[in-house]
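**Student:** Once you've had a glance at the structure underneath, I'll fire off some questions.
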Amino acid sequence: MEEILEILEKNSKYSEEEIASMVGKTVEEVRAAIKEYEDKKVILGYPALINWENTNKDSVIALIEVKITPQRGEGFAKVAERIYKFSEVRACYLMSGGFDLTVIVEGKTMKEVALFVAQKLATQEGVLSTATHFILKKYKDNGTIFEEKIRDDREAIFI
């Protein structure tokens, strides 16, 4: 039944009837599977992917590399929890490599994000350093291409 998850991940607007048709199950089986996935916290939500560049909303998104000192008995989780509870934080990931956490932050302006990093994030106990990268343009997000160029495959005719 993981097919159902794959379908919902690509487009959560499909109806139970459409999904049942796609996977060759009854509507009741699909409904029961989705409810079970929700109850077990496999399905956590049904977000829409918005291209905010096509709206009037002003916002800035930054990816912040954070190096932290793990807490005894807690590892990285305690520091990560303090960080992801801030309303400005959209996502927080434990990473391998040269830094420990990736924190995705949203604000109205670059200055607002910079102040968040300087006043709230960098001052957290256990945070050793941060490196902020502002997202300038999204080309693809969650598997969705934001602006596909229309390709003209017609041959040119010269007279």
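Order determines the names: the first chain of the structure tokens is A, the second B, and so forth; residues in each chain are numbered 1 upward, and ligands are numbered 1 upward as they are shown.
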Excluding Cys92 (chain A) and residues on its chain fewer than 6 positions from it, collect all residues at most 9 Å away from it, counting only C-alpha atoms, and give them as JSON, numbers by chain.
**Tutor:** {"A": [80, 81, 83, 84, 101, 102, 103, 104, 105]}
**Student:** Find the residues around region 107-109 of chain A up to 7 Å (only C-alpha atoms counted), leave out those fewer than 6 positions away in its own chain, and share them as number ranges by chain.
**Tutor:** A: 58-61, 88
**Student:** Which residues are near Val79 (chain A)? Cut-off 10 Å, only C-alpha atoms, ignore same chain within fewer than 5 positions. Put them as a PyMOL selection string.
**Tutor:** chain A and resi 68-71+74+84+101+124-127
**Student:** Write out as a Markdown table a residue-level contact list of region 21-139 of chain A versus region 1-12 of chain A with cut-off 10 Å: for each qualifying residue the closest pair of atoms and the distance in Å to one decimal, counting only C-alpha atoms, rows sorted by chain and residue number upward.
**Tutor:**
| residue | atom | partner | partner_atom | distance |
| --- | --- | --- | --- | --- |
| A:Met22 | CA | A:Ile7 | CA | 8.7 |
| A:Val23 | CA | A:Glu3 | CA | 6.9 |
| A:Lys25 | CA | A:Met1 | CA | 9.4 |
| A:Glu29 | CA | A:Met1 | CA | 9.5 |
| A:Val30 | CA | A:Ile4 | CA | 7.6 |
| A:Ala33 | CA | A:Met1 | CA | 7.4 |
| A:Ile34 | CA | A:Ile4 | CA | 7.8 |
| A:Tyr37 | CA | A:Leu5 | CA | 8.6 |
| A:Val42 | CA | A:Leu5 | CA | 8.9 |
| A:Ile43 | CA | A:Leu5 | CA | 8.0 |
| A:Gly45 | CA | A:Ser12 | CA | 9.3 |
| A:Tyr46 | CA | A:Ser12 | CA | 6.1 |
| A:Pro47 | CA | A:Ser12 | CA | 8.0 |
| A:Ala48 | CA | A:Ser12 | CA | 8.3 |
| A:Leu49 | CA | A:Asn11 | CA | 9.9 |
**Student:** With only C-alpha atoms as the basis for distance, which of A:Asp141, A:Glu16, A:Glu53, A:Asp100 is at the shortest distance from Ser129 (chain A)?
**Tutor:**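 Smallest distance to Ser129 (chain A) is found for A:Asp100.
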**Student:** Considering only C-alpha atoms, can you say which of A:Ile157, A:Ile64, A:Ala114, A:Ile145 comes closest to His133 (chain A)?
**Tutor:**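 Among the listed residues, A:Ile64 lies closest to His133 (chain A).
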